[in-house]
>>> print(open('my_file_24.txt').read())   # compact mmCIF, C-alpha atoms
# COMPACT_ATOMS: atom_id res chain seq x y z
CA MET A 168 5.94 -17.50 16.41
CA CYS A 169 5.36 -13.81 16.94
CA LEU A 170 9.00 -13.14 16.19
CA GLU A 171 8.63 -15.24 13.07
CA VAL A 172 5.72 -13.27 11.64
CA CYS A 173 6.15 -9.71 12.88
CA PRO A 174 7.39 -7.45 10.07
CA HIS A 175 8.72 -4.73 12.35
CA MET A 176 10.74 -6.46 15.05
CA VAL A 177 8.29 -5.52 17.75
CA PHE A 178 9.16 -8.61 19.80
CA ARG A 179 12.26 -10.21 21.20
CA MET A 180 12.91 -13.26 23.27
CA ALA A 181 13.69 -12.76 26.92
CA GLY A 182 14.55 -16.22 28.08
CA LYS A 183 11.58 -18.40 27.26
CA ARG A 184 9.11 -15.57 26.89
CA ALA A 185 8.54 -13.12 24.12
CA GLU A 186 8.36 -9.48 25.07
CA ILE A 187 7.43 -6.30 23.28
CA VAL A 188 10.42 -4.15 22.50
CA ASP A 189 8.75 -1.09 21.02
CA ARG A 190 5.00 -0.60 20.77
CA ASP A 191 5.41 2.36 18.46
CA ARG A 192 6.85 0.10 15.81
CA CYS A 193 3.66 -1.89 15.69
CA MET A 194 1.43 -1.32 12.68
CA GLU A 195 -1.47 -3.38 14.06
CA CYS A 196 -1.48 -5.96 11.27
CA GLY A 197 -2.48 -8.72 13.69
CA ALA A 198 -0.11 -11.40 12.38
CA CYS A 199 1.18 -12.05 15.88
CA GLU A 200 -2.26 -12.45 17.42
CA LEU A 201 -3.38 -14.84 14.70
CA ASN A 202 -0.31 -17.01 15.07
CA CYS A 203 0.24 -16.96 18.81
CA GLU A 204 0.10 -20.53 20.09
CA THR A 205 -1.06 -19.47 23.52
CA GLY A 206 -3.42 -16.67 22.57
CA ALA A 207 -1.39 -14.21 24.61
CA LEU A 208 -1.82 -11.29 22.24
CA LYS A 209 -4.70 -9.03 21.38
CA VAL A 210 -4.52 -6.61 18.49
CA MET A 211 -7.00 -3.96 17.39
CA ARG A 212 -6.49 -4.64 13.70
CA GLY A 213 -7.10 -2.19 10.95
CA VAL A 214 -5.63 -0.55 7.90
CA GLY A 215 -3.25 2.34 8.40
CA CYS A 216 -4.61 4.15 5.41
CA ALA A 217 -6.13 7.64 5.46
CA SER A 218 -8.09 7.07 2.25
CA ALA A 219 -9.65 3.93 3.70
CA LEU A 220 -10.75 5.86 6.77
CA ILE A 221 -12.24 8.59 4.63
CA TYR A 222 -14.13 6.07 2.50
CA GLY A 223 -15.35 4.39 5.63
CA TYR A 224 -16.50 7.67 7.10
CA LEU A 225 -18.33 8.69 3.92
CA ARG A 226 -20.05 5.34 3.73
CA ARG A 227 -20.76 5.43 7.45
CA SER A 228 -18.90 2.19 7.95
CA GLU A 229 -15.57 1.03 9.27
CA ALA A 230 -12.30 1.91 7.62
CA THR A 231 -11.98 -0.32 4.63
CA CYS A 232 -9.96 -0.69 1.49
CA GLU A 233 -13.13 -1.62 -0.36
CA CYS A 234 -14.12 1.17 -2.73
CA GLY A 235 -17.37 -0.65 -3.31
CA SER A 236 -16.54 -2.92 -6.19
CA ASP A 237 -14.43 -6.04 -6.49
CA ALA A 238 -11.50 -3.85 -7.39
CA ALA A 239 -9.43 -2.10 -4.79
CA CYS A 240 -7.61 1.08 -3.97
CA CYS A 241 -4.51 -0.61 -2.71
CA MET B 51 -17.16 -33.01 -19.49
CA ASP B 52 -15.82 -31.30 -16.41
CA PHE B 53 -12.62 -29.57 -17.48
CA THR B 54 -11.58 -28.55 -13.99
CA HIS B 55 -10.38 -32.08 -13.43
CA LEU B 56 -7.83 -31.69 -16.22
CA SER B 57 -6.05 -28.93 -14.35
CA ILE B 58 -5.94 -31.09 -11.26
CA ILE B 59 -4.46 -34.05 -13.07
CA ARG B 60 -1.99 -31.86 -14.91
CA PRO B 61 -1.41 -28.47 -13.29
CA PRO B 62 -0.42 -25.79 -15.81
CA GLU B 63 3.22 -24.93 -16.26
CA THR B 64 4.85 -21.61 -15.65
CA SER B 65 8.42 -20.44 -15.88
CA SER B 66 10.80 -18.04 -14.20
CA THR B 67 11.27 -15.98 -17.31
CA TRP B 68 9.62 -12.62 -17.80
CA LEU B 69 8.43 -11.82 -21.29
CA LEU B 70 8.04 -8.27 -22.58
CA LYS B 71 4.37 -8.23 -21.61
CA ASP B 72 5.30 -9.13 -18.04
CA HIS B 73 7.80 -6.27 -17.86
CA LEU B 74 5.34 -3.83 -19.39
CA GLY B 75 2.56 -5.03 -17.13
CA ALA B 76 4.71 -4.68 -14.04
CA LEU B 77 5.67 -1.15 -15.04
CA GLY B 78 2.10 -0.26 -15.89
CA VAL B 79 0.60 -1.33 -12.59
CA ARG B 80 3.12 0.85 -10.78
CA PHE B 81 1.28 3.73 -12.41
CA SER B 82 -2.01 2.10 -11.55
CA ALA B 83 -2.61 1.27 -15.21
CA GLY B 84 -4.57 -1.94 -15.66
CA ARG B 85 -4.19 -2.72 -11.99
CA LYS B 86 -7.77 -3.81 -11.41
CA ARG B 87 -7.65 -6.74 -13.80
CA TYR B 88 -4.01 -7.76 -13.38
CA ARG B 89 -4.54 -11.34 -12.27
CA VAL B 90 -3.66 -14.94 -12.92
CA LYS B 91 -5.87 -17.98 -12.56
CA THR B 92 -5.90 -19.55 -9.15
CA GLY B 93 -4.79 -23.08 -8.39
CA LEU B 94 -1.63 -25.12 -8.69
CA TYR B 95 1.18 -24.43 -11.13
CA ARG B 96 4.30 -26.36 -12.01
CA LEU B 97 7.61 -24.50 -12.17
CA GLY B 98 10.29 -26.57 -13.87
CA ARG B 99 9.72 -30.28 -13.23
CA PRO B 100 8.46 -30.50 -9.67
CA GLY B 101 8.03 -33.87 -8.04
CA LYS B 102 6.74 -35.32 -4.82
CA ASP B 103 9.55 -33.72 -2.83
CA SER B 104 9.46 -30.27 -4.38
CA GLU B 105 8.50 -27.31 -2.24
CA VAL B 106 5.12 -25.64 -2.47
CA PHE B 107 5.12 -21.84 -2.53
CA VAL B 108 1.89 -19.99 -1.89
CA THR B 109 1.04 -16.62 -3.41
CA ALA B 110 -1.82 -14.31 -4.36
CA ASN B 111 -3.48 -14.11 -7.77
CA TYR B 112 -2.26 -10.54 -8.30
CA LYS B 113 -0.12 -11.09 -11.36
CA LEU B 114 2.77 -9.02 -10.05
CA SER B 115 2.94 -11.16 -6.90
CA PHE B 116 2.91 -14.29 -9.01
CA ASP B 117 5.50 -12.96 -11.45
CA LEU B 118 7.88 -11.80 -8.74
CA LEU B 119 7.67 -15.16 -7.01
CA ARG B 120 8.34 -17.25 -10.10
CA LYS B 121 11.15 -14.99 -11.21
CA ASN B 122 12.90 -15.44 -7.87
CA LEU B 123 12.54 -19.20 -8.00
CA GLU B 124 14.70 -19.38 -11.09
CA GLY B 125 16.40 -22.72 -11.45
CA LEU B 126 14.23 -24.48 -8.89
CA ASP B 127 11.64 -27.17 -9.46
CA ALA B 128 8.67 -26.14 -7.42
CA TRP B 129 4.91 -26.04 -7.05
CA ILE B 130 3.20 -22.67 -6.91
CA LEU B 131 -0.20 -22.48 -5.29
CA VAL B 132 -2.17 -19.36 -6.19
CA LEU B 133 -4.94 -18.16 -3.91
CA GLU B 134 -8.02 -16.17 -4.91
CA THR B 135 -7.34 -12.66 -3.65
CA HIS B 136 -9.23 -10.85 -6.41
CA GLY B 137 -6.09 -9.39 -7.90
CA ILE B 138 -4.77 -7.98 -4.64
CA ASN B 139 -1.21 -8.48 -3.44
CA VAL B 140 -0.33 -10.78 -0.56
CA TRP B 141 0.04 -8.23 2.24
CA CYS B 142 -3.06 -6.18 1.53
CA ALA B 143 -5.10 -9.33 0.95
CA ALA B 144 -3.83 -10.84 4.19
CA GLY B 145 -4.92 -7.74 6.05
CA LYS B 146 -8.36 -8.02 4.50
CA GLY B 147 -8.52 -11.73 5.15
CA THR B 148 -8.77 -12.90 1.55
CA PHE B 149 -5.21 -14.23 1.61
CA GLY B 150 -6.28 -16.24 4.58
CA SER B 151 -6.52 -19.58 6.30
CA SER B 152 -9.85 -20.56 4.76
CA GLU B 153 -8.79 -19.73 1.19
CA LEU B 154 -5.50 -21.55 1.65
CA ILE B 155 -7.28 -24.57 3.05
CA ARG B 156 -9.78 -24.47 0.20
CA GLN B 157 -7.07 -24.39 -2.47
CA VAL B 158 -5.00 -27.12 -0.85
CA GLN B 159 -8.05 -29.34 -0.85
CA GLU B 160 -9.27 -28.39 -4.31
CA VAL B 161 -5.99 -29.10 -6.08
CA ARG B 162 -5.57 -32.29 -4.01
CA LEU B 163 -2.11 -31.17 -2.96
CA ASP B 164 -1.69 -34.18 -0.71
CA GLU B 165 -1.62 -36.32 -3.84
CA GLN B 166 0.94 -34.14 -5.61
CA VAL B 167 3.56 -34.00 -2.85
CA SER B 168 4.63 -36.48 -0.23
CA HIS B 169 5.84 -33.88 2.26
CA ARG B 170 3.51 -31.67 4.22
CA ARG B 171 5.05 -28.20 3.95
CA LEU B 172 3.62 -24.97 2.58
CA ILE B 173 5.90 -21.99 2.22
CA VAL B 174 3.84 -18.88 2.71
CA PRO B 175 5.22 -15.32 2.42
CA GLN B 176 5.74 -13.80 5.85
CA LEU B 177 3.43 -10.96 4.92
CA GLY B 178 0.64 -13.48 4.53
CA ALA B 179 0.70 -13.98 8.29
CA PRO B 180 -1.94 -11.34 9.14
CA GLY B 181 -4.41 -13.59 7.35
CA VAL B 182 -3.03 -17.09 7.74
CA SER B 183 -3.14 -19.02 10.97
CA ALA B 184 -0.58 -21.81 10.75
CA ARG B 185 -2.44 -23.78 13.37
CA GLN B 186 -5.78 -23.63 11.56
CA VAL B 187 -4.22 -24.73 8.29
CA LYS B 188 -2.43 -27.62 9.97
CA GLU B 189 -5.58 -28.81 11.65
CA ALA B 190 -7.62 -28.70 8.47
CA THR B 191 -5.11 -30.03 5.93
CA GLY B 192 -2.23 -31.62 7.78
CA PHE B 193 0.14 -29.23 6.06
CA THR B 194 2.60 -27.19 8.11
CA VAL B 195 2.80 -23.53 7.14
CA LYS B 196 6.32 -22.21 7.08
CA PHE B 197 6.45 -18.45 6.89
CA GLY B 198 9.18 -17.64 4.42
CA PRO B 199 11.00 -14.33 4.04
CA VAL B 200 9.31 -11.00 3.47
CA ARG B 201 10.80 -10.58 0.01
CA ALA B 202 10.82 -13.28 -2.66
CA GLY B 203 14.44 -12.43 -3.40
CA ASP B 204 15.44 -14.00 -0.08
CA ILE B 205 13.71 -17.33 -0.71
CA LYS B 206 16.75 -19.16 -2.01
CA ALA B 207 18.85 -18.09 0.96
CA TYR B 208 15.98 -19.11 3.25
CA LEU B 209 15.94 -22.59 1.77
CA SER B 210 19.72 -22.98 1.89
CA ALA B 211 19.72 -21.98 5.54
CA GLY B 212 17.22 -24.69 6.37
CA TYR B 213 14.06 -22.53 6.47
CA ARG B 214 15.71 -19.83 8.52
CA LYS B 215 15.58 -16.08 8.00
CA ASP B 216 17.90 -13.49 9.43
CA GLN B 217 16.72 -10.21 10.94
CA ARG B 218 16.78 -8.39 7.62
CA ALA B 219 14.85 -11.07 5.74
CA ARG B 220 12.02 -10.96 8.26
CA THR B 221 11.70 -7.18 8.43
CA VAL B 222 9.82 -4.82 6.19
CA SER B 223 11.54 -1.62 5.27
CA PHE B 224 10.46 1.52 3.48
CA THR B 225 13.49 2.63 1.58
CA LEU B 226 13.91 5.63 -0.70
CA ARG B 227 13.58 3.29 -3.65
CA ASP B 228 10.32 1.83 -2.28
CA ARG B 229 8.92 5.30 -1.71
CA PHE B 230 10.01 6.49 -5.13
CA ILE B 231 8.25 3.60 -6.85
CA LEU B 232 5.09 4.28 -4.86
CA THR B 233 4.94 7.97 -5.71
CA ALA B 234 3.92 6.98 -9.24
CA VAL B 235 0.61 5.53 -8.10
CA GLU B 236 0.17 8.39 -5.65
CA LEU B 237 0.62 10.99 -8.39
CA ALA B 238 -1.77 9.08 -10.61
CA ASN B 239 -4.45 8.82 -7.91
CA SER B 240 -4.15 12.47 -6.91
CA LEU B 241 -4.65 13.85 -10.40
CA GLY B 242 -8.37 13.99 -9.81
CA TYR B 243 -7.93 16.34 -6.85
CA LEU B 244 -5.53 18.52 -8.81
CA PHE B 245 -7.93 18.78 -11.72
CA PHE B 246 -10.84 19.73 -9.51
CA ALA B 247 -8.77 22.30 -7.64
CA VAL B 248 -7.45 23.86 -10.86
CA VAL B 249 -10.91 24.22 -12.40
CA PHE B 250 -12.27 25.68 -9.18
CA MET B 251 -9.49 28.23 -8.81
CA LEU B 252 -9.67 29.09 -12.49
CA LEU B 253 -13.32 30.05 -12.16
CA LEU B 254 -12.60 31.95 -8.97
CA SER B 255 -9.81 33.90 -10.63
CA GLY B 256 -12.10 35.87 -12.88
CA ILE B 257 -13.76 37.61 -9.96
CA HIS B 258 -12.82 41.24 -9.32
CA SER B 259 -14.30 44.20 -7.52
CA GLU B 260 -16.48 45.24 -10.46
CA GLY B 261 -17.70 41.84 -11.53
CA TYR B 262 -16.21 39.11 -13.64
CA SER B 263 -13.56 39.13 -16.33
CA ILE B 264 -12.66 36.26 -18.59
CA GLU B 265 -9.30 37.84 -19.30
CA LEU B 266 -8.53 38.00 -15.61
CA MET B 267 -9.77 34.46 -15.19
CA TRP B 268 -7.15 33.15 -17.58
CA LYS B 269 -4.36 35.44 -16.40
CA GLU B 270 -4.73 34.68 -12.72
CA GLY B 271 -6.07 31.20 -13.32
CA MET B 272 -2.82 30.15 -14.95
CA GLN B 273 -0.86 31.42 -11.99
CA ALA B 274 -3.23 29.59 -9.63
CA GLY B 275 -2.76 26.44 -11.67
CA LEU B 276 0.97 26.73 -11.25
CA TYR B 277 0.70 27.08 -7.47
CA LEU B 278 -1.65 24.12 -7.29
CA LEU B 279 0.71 22.06 -9.42
CA ALA B 280 3.52 22.90 -7.01
CA ALA B 281 1.41 21.82 -4.03
CA TYR B 282 0.45 18.63 -5.85
CA ILE B 283 4.09 17.77 -6.51
CA SER B 284 5.03 18.64 -2.93
CA GLY B 285 2.34 16.45 -1.45
CA ALA B 286 2.30 13.48 -3.77
CA PHE B 287 5.95 13.32 -4.70
CA LEU B 288 8.42 15.40 -2.70
CA ALA B 289 7.15 14.78 0.82
CA PRO B 290 6.86 11.00 0.27
CA LEU B 291 10.40 10.94 -1.10
CA LEU B 292 11.82 13.02 1.74
CA LEU B 293 9.69 11.28 4.34
CA PRO B 294 12.24 10.34 6.99
CA TRP B 295 14.01 13.68 6.74
CA LEU B 296 10.99 15.90 7.18
CA PRO B 297 10.00 16.95 10.70
CA PHE B 298 6.70 15.79 12.26
CA ARG B 299 5.86 12.17 12.84
CA HIS B 300 2.60 12.37 10.94
CA PHE B 301 2.53 12.37 7.16
CA GLY B 302 0.03 15.21 7.16
CA GLY B 303 2.50 17.42 8.98
CA LYS B 304 5.32 16.55 6.64
CA GLY B 305 3.09 17.31 3.69
CA MET B 306 1.98 20.63 5.10
CA LEU B 307 5.57 21.70 5.67
CA ALA B 308 6.58 20.64 2.17
CA GLY B 309 3.66 22.49 0.61
CA ILE B 310 4.36 25.69 2.50
CA GLY B 311 8.09 25.38 1.91
CA ILE B 312 7.79 24.87 -1.81
CA PHE B 313 5.33 27.73 -2.20
CA GLY B 314 7.64 29.95 -0.17
CA LEU B 315 10.52 29.02 -2.44
CA MET B 316 8.45 29.76 -5.54
CA ALA B 317 7.35 33.11 -4.16
CA LEU B 318 10.92 34.01 -3.33
CA ILE B 319 12.23 33.10 -6.75
CA THR B 320 9.43 34.35 -8.98
CA ASP B 321 8.41 37.38 -6.86
CA PRO B 322 4.81 37.29 -8.01
CA ALA B 323 2.84 40.50 -8.23
CA ILE B 324 0.02 39.41 -5.98
CA PRO B 325 -1.39 41.30 -2.99
CA GLN B 326 -0.28 40.32 0.53
CA LEU B 327 -3.64 38.82 1.44
CA ALA B 328 -3.60 36.55 -1.57
CA LEU B 329 -0.04 35.53 -0.78
CA VAL B 330 -1.04 34.41 2.69
CA GLY B 331 -4.07 32.69 1.20
CA TRP B 332 -1.88 30.70 -1.15
CA PHE B 333 0.46 29.68 1.65
CA LEU B 334 -2.55 28.25 3.44
CA ILE B 335 -3.98 26.49 0.42
CA SER B 336 -0.61 25.03 -0.59
CA GLY B 337 -0.13 23.71 2.91
CA ALA B 338 -3.60 22.22 3.03
CA LEU B 339 -3.51 20.49 -0.35
CA SER B 340 -0.03 19.14 0.12
CA SER B 341 -0.89 17.97 3.62
CA TYR B 342 -3.94 16.09 2.33
CA LEU B 343 -2.02 14.37 -0.46
CA THR B 344 0.83 13.26 1.78
CA MET B 345 -1.67 12.07 4.36
CA ASN B 346 -3.05 9.77 1.67
CA PHE B 347 0.40 8.29 1.29
CA THR B 348 -0.17 6.52 4.59
CA GLY B 349 -1.98 3.85 2.62
CA ALA B 350 1.10 3.15 0.55
CA SER B 351 3.46 3.08 3.52
CA THR B 352 4.58 -0.07 5.25
CA TYR B 353 4.43 1.05 8.83
CA THR B 354 1.46 3.27 9.57
CA SER B 355 -1.14 1.86 11.92
CA LEU B 356 -4.87 2.43 12.17
CA SER B 357 -4.58 4.14 15.53
CA GLY B 358 -1.76 6.33 14.25
CA VAL B 359 -3.67 7.38 11.18
CA LYS B 360 -6.82 8.10 13.19
CA LYS B 361 -4.79 10.36 15.43
CA GLU B 362 -3.17 12.05 12.45
CA MET B 363 -6.47 12.67 10.74
CA GLY B 364 -7.97 14.04 13.91
CA ILE B 365 -5.30 16.73 13.89
CA PHE B 366 -4.68 17.39 10.24
CA VAL B 367 -8.03 17.07 8.51
CA PRO B 368 -9.50 19.95 10.55
CA LEU B 369 -6.33 21.94 9.83
CA GLN B 370 -6.62 21.19 6.12
CA LEU B 371 -10.24 22.29 6.06
CA VAL B 372 -9.59 25.46 8.04
CA PHE B 373 -6.55 26.37 5.95
CA THR B 374 -8.38 25.76 2.68
CA PHE B 375 -11.40 27.76 3.74
CA SER B 376 -9.42 30.68 5.15
CA GLY B 377 -7.09 30.67 2.20
CA LEU B 378 -9.98 30.92 -0.23
CA VAL B 379 -11.58 33.66 1.81
CA LEU B 380 -8.37 35.70 1.87
CA ILE B 381 -7.87 35.34 -1.86
CA LEU B 382 -11.46 36.33 -2.50
CA ILE B 383 -11.20 39.36 -0.23
CA SER B 384 -7.99 40.48 -1.91
CA LYS B 385 -9.78 40.34 -5.25
CA LEU B 386 -12.72 42.37 -4.09
CA LEU B 387 -10.77 45.13 -2.42
>>> encode(input="my_file_24.txt", output="structure tokens")
Amino acid sequence: MCLEVCPHMVFRMAGKRAEIVDRDRCMECGACELNCETGALKVMRGVGCASALIYGYLRRSEATCECGSDAACC
Amino acid sequence: MDFTHLSIIRPPETSSTWLLKDHLGALGVRFSAGRKRYRVKTGLYRLGRPGKDSEVFVTANYKLSFDLLRKNLEGLDAWILVLETHGINVWCAAGKGTFGSSELIRQVQEVRLDEQVSHRRLIVPQLGAPGVSARQVKEATGFTVKFGPVRAGDIKAYLSAGYRKDQRARTVSFTLRDRFILTAVELANSLGYLFFAVVFMLLLSGIHSEGYSIELMWKEGMQAGLYLLAAYISGAFLAPLLLPWLPFRHFGGKGMLAGIGIFGLMALITDPAIPQLALVGWFLISGALSSYLTMNFTGASTYTSLSGVKKEMGIFVPLQLVFTFSGLVLILISKLL
């Protein structure tokens, strides 16, 4: 499943197991963790967006795409 | 009378054709124009004459997502299920969780999809996976989520191949064309910073050793505006375009290099009559502004991670602040000498 959902080819099959090919390729979207049948993966999810981090910092909260209203930055 | 039942009995029709307003809208949102309200109603839609065996494609209620999907389904009879993502595209919404298992489950139940189709398949864009757990959806609705290709353009091939995607169809890229399209929104969003910087430097320009001069303000202010414009273009346009070819892994570094490089080029060509100190000051400011703008491009990219951006900001934000401050100080000193 992880191979099915990962957008950056982080995984490959080695026999009957999936293995990580290149951690640096990972963008921490969490698709693999959410769809792993066996719960073998753990991802520290988050947005890779500097503006989101800045907004989060200014609002003393976590990095978020939320600019406050229903509308969004992204 | 409860009108919502009408849309369940007879889901609205849509087509694969784009009208002028769809083209204009799509172009507009690339410049961020009208992006906040660019949505379609949620729920089930009919494309062509779908029947009990027709596929169900799931998408977000961001109109561009919806339009791109229906356009790429040209010729097919299909159901389109639109989720409430508050006008956000599939991938971003999936990351936030709005394009997620619970919303998908809710929509499937609300439109009584099990009565519209006899199969139990939902084709969800691969980029919906950060928010959609196939297992959860199956348990709650009985429908199997099939993660289709990354791009809608590959859907037909995916179907012909028996729900299979090749390496390319399951990978996200960030081509020159992608980056070029995204610079439009970047330029639009950065205008505020440019404006603020120009006004600030304009006011600063009038300062000289004996006081303040409006004439000087305009004369030097115009030059300052030009330098800031160059840094703005470096950071919001050039560096994003040249991304893979610029040194440094971090966007902030690429931006800084581009800003300094472009200013250097300008100085070489125009040979401005400004004192050495001010020249150095402008190198620093150009680098800082450009670095900041390119750093913001991380949000538009398709491969930056939270940990990577945190690291980048830890290095480059202090640099940007120090450069800006020192640059301003040097320029000020050169004016007062």
>>> interface_residues(input="my_file_24.txt", of="chain B", to="chain A", cutoff="6 Å", atoms="only C-alpha atoms", output="PyMOL selection string")
chain B and resi 86+176+179-180+183+221-222+346+348-349+353-356+359
>>> atom_distance(input="my_file_24.txt", atom1="CA of Arg170 in chain B", atom2="CA of Leu123 in chain B")
19.7 Å
>>> atom_distance(input="my_file_24.txt", atom1="CA of Phe107 in chain B", atom2="CA of Phe224 in chain B")
24.7 Å
>>> atom_distance(input="my_file_24.txt", atom1="CA of Gly314 in chain B", atom2="CA of Leu244 in chain B")
19.5 Å
>>> build_atoms(input="my_file_24.txt", residues="range 201-227 of chain A", atoms="N, CA and C atoms", output="PDB file, in the coordinates of the input")
ATOM      1  N   LEU A 201      -2.848 -13.701  15.441  1.00  0.00           N
ATOM      2  CA  LEU A 201      -3.380 -14.840  14.700  1.00  0.00           C
ATOM      3  C   LEU A 201      -2.511 -16.072  14.846  1.00  0.00           C
ATOM      4  N   ASN A 202      -1.211 -15.872  15.026  1.00  0.00           N
ATOM      5  CA  ASN A 202      -0.310 -17.010  15.070  1.00  0.00           C
ATOM      6  C   ASN A 202       0.280 -17.315  16.441  1.00  0.00           C
ATOM      7  N   CYS A 203      -0.251 -16.674  17.471  1.00  0.00           N
ATOM      8  CA  CYS A 203       0.240 -16.960  18.810  1.00  0.00           C
ATOM      9  C   CYS A 203      -0.340 -18.278  19.307  1.00  0.00           C
ATOM     10  N   GLU A 204       0.551 -19.202  19.663  1.00  0.00           N
ATOM     11  CA  GLU A 204       0.100 -20.530  20.090  1.00  0.00           C
ATOM     12  C   GLU A 204      -0.725 -20.461  21.364  1.00  0.00           C
ATOM     13  N   THR A 205      -0.399 -19.500  22.217  1.00  0.00           N
ATOM     14  CA  THR A 205      -1.060 -19.470  23.520  1.00  0.00           C
ATOM     15  C   THR A 205      -2.147 -18.404  23.612  1.00  0.00           C
ATOM     16  N   GLY A 206      -2.379 -17.700  22.533  1.00  0.00           N
ATOM     17  CA  GLY A 206      -3.420 -16.670  22.570  1.00  0.00           C
ATOM     18  C   GLY A 206      -3.090 -15.529  23.510  1.00  0.00           C
ATOM     19  N   ALA A 207      -1.804 -15.235  23.646  1.00  0.00           N
ATOM     20  CA  ALA A 207      -1.390 -14.210  24.610  1.00  0.00           C
ATOM     21  C   ALA A 207      -1.524 -12.789  24.094  1.00  0.00           C
ATOM     22  N   LEU A 208      -1.796 -12.642  22.810  1.00  0.00           N
ATOM     23  CA  LEU A 208      -1.820 -11.290  22.240  1.00  0.00           C
ATOM     24  C   LEU A 208      -3.201 -10.865  21.776  1.00  0.00           C
ATOM     25  N   LYS A 209      -3.442  -9.582  21.865  1.00  0.00           N
ATOM     26  CA  LYS A 209      -4.700  -9.030  21.380  1.00  0.00           C
ATOM     27  C   LYS A 209      -4.377  -7.778  20.582  1.00  0.00           C
ATOM     28  N   VAL A 210      -4.824  -7.755  19.342  1.00  0.00           N
ATOM     29  CA  VAL A 210      -4.520  -6.610  18.490  1.00  0.00           C
ATOM     30  C   VAL A 210      -5.797  -5.988  17.951  1.00  0.00           C
ATOM     31  N   MET A 211      -5.868  -4.651  18.009  1.00  0.00           N
ATOM     32  CA  MET A 211      -7.000  -3.960  17.390  1.00  0.00           C
ATOM     33  C   MET A 211      -6.591  -3.739  15.931  1.00  0.00           C
ATOM     34  N   ARG A 212      -6.957  -4.703  15.070  1.00  0.00           N
ATOM     35  CA  ARG A 212      -6.490  -4.640  13.700  1.00  0.00           C
ATOM     36  C   ARG A 212      -7.166  -3.551  12.903  1.00  0.00           C
ATOM     37  N   GLY A 213      -6.497  -3.158  11.844  1.00  0.00           N
ATOM     38  CA  GLY A 213      -7.100  -2.190  10.950  1.00  0.00           C
ATOM     39  C   GLY A 213      -6.091  -1.726   9.938  1.00  0.00           C
ATOM     40  N   VAL A 214      -6.560  -1.034   8.918  1.00  0.00           N
ATOM     41  CA  VAL A 214      -5.630  -0.550   7.900  1.00  0.00           C
ATOM     42  C   VAL A 214      -5.129   0.840   8.274  1.00  0.00           C
ATOM     43  N   GLY A 215      -3.842   1.034   8.115  1.00  0.00           N
ATOM     44  CA  GLY A 215      -3.250   2.340   8.400  1.00  0.00           C
ATOM     45  C   GLY A 215      -3.287   3.207   7.161  1.00  0.00           C
ATOM     46  N   CYS A 216      -4.480   3.434   6.667  1.00  0.00           N
ATOM     47  CA  CYS A 216      -4.610   4.150   5.410  1.00  0.00           C
ATOM     48  C   CYS A 216      -5.660   5.250   5.539  1.00  0.00           C
ATOM     49  N   ALA A 217      -5.223   6.499   5.323  1.00  0.00           N
ATOM     50  CA  ALA A 217      -6.130   7.640   5.460  1.00  0.00           C
ATOM     51  C   ALA A 217      -7.297   7.562   4.485  1.00  0.00           C
ATOM     52  N   SER A 218      -7.019   7.167   3.249  1.00  0.00           N
ATOM     53  CA  SER A 218      -8.090   7.070   2.250  1.00  0.00           C
ATOM     54  C   SER A 218      -9.150   6.070   2.684  1.00  0.00           C
ATOM     55  N   ALA A 219      -8.709   4.962   3.253  1.00  0.00           N
ATOM     56  CA  ALA A 219      -9.650   3.930   3.700  1.00  0.00           C
ATOM     57  C   ALA A 219     -10.549   4.487   4.795  1.00  0.00           C
ATOM     58  N   LEU A 220      -9.976   5.263   5.686  1.00  0.00           N
ATOM     59  CA  LEU A 220     -10.750   5.860   6.770  1.00  0.00           C
ATOM     60  C   LEU A 220     -11.776   6.842   6.225  1.00  0.00           C
ATOM     61  N   ILE A 221     -11.334   7.621   5.240  1.00  0.00           N
ATOM     62  CA  ILE A 221     -12.240   8.590   4.630  1.00  0.00           C
ATOM     63  C   ILE A 221     -13.395   7.889   3.932  1.00  0.00           C
ATOM     64  N   TYR A 222     -13.077   6.844   3.166  1.00  0.00           N
ATOM     65  CA  TYR A 222     -14.130   6.070   2.500  1.00  0.00           C
ATOM     66  C   TYR A 222     -15.097   5.497   3.516  1.00  0.00           C
ATOM     67  N   GLY A 223     -14.523   4.977   4.589  1.00  0.00           N
ATOM     68  CA  GLY A 223     -15.350   4.390   5.630  1.00  0.00           C
ATOM     69  C   GLY A 223     -16.273   5.433   6.237  1.00  0.00           C
ATOM     70  N   TYR A 224     -15.723   6.592   6.498  1.00  0.00           N
ATOM     71  CA  TYR A 224     -16.500   7.670   7.100  1.00  0.00           C
ATOM     72  C   TYR A 224     -17.627   8.103   6.170  1.00  0.00           C
ATOM     73  N   LEU A 225     -17.310   8.247   4.875  1.00  0.00           N
ATOM     74  CA  LEU A 225     -18.330   8.690   3.920  1.00  0.00           C
ATOM     75  C   LEU A 225     -19.422   7.661   3.744  1.00  0.00           C
ATOM     76  N   ARG A 226     -19.053   6.388   3.860  1.00  0.00           N
ATOM     77  CA  ARG A 226     -20.050   5.340   3.730  1.00  0.00           C
ATOM     78  C   ARG A 226     -20.634   4.939   5.072  1.00  0.00           C
ATOM     79  N   ARG A 227     -20.288   5.712   6.100  1.00  0.00           N
ATOM     80  CA  ARG A 227     -20.760   5.430   7.450  1.00  0.00           C
ATOM     81  C   ARG A 227     -20.471   3.996   7.863  1.00  0.00           C
TER      82      ARG A 227
END
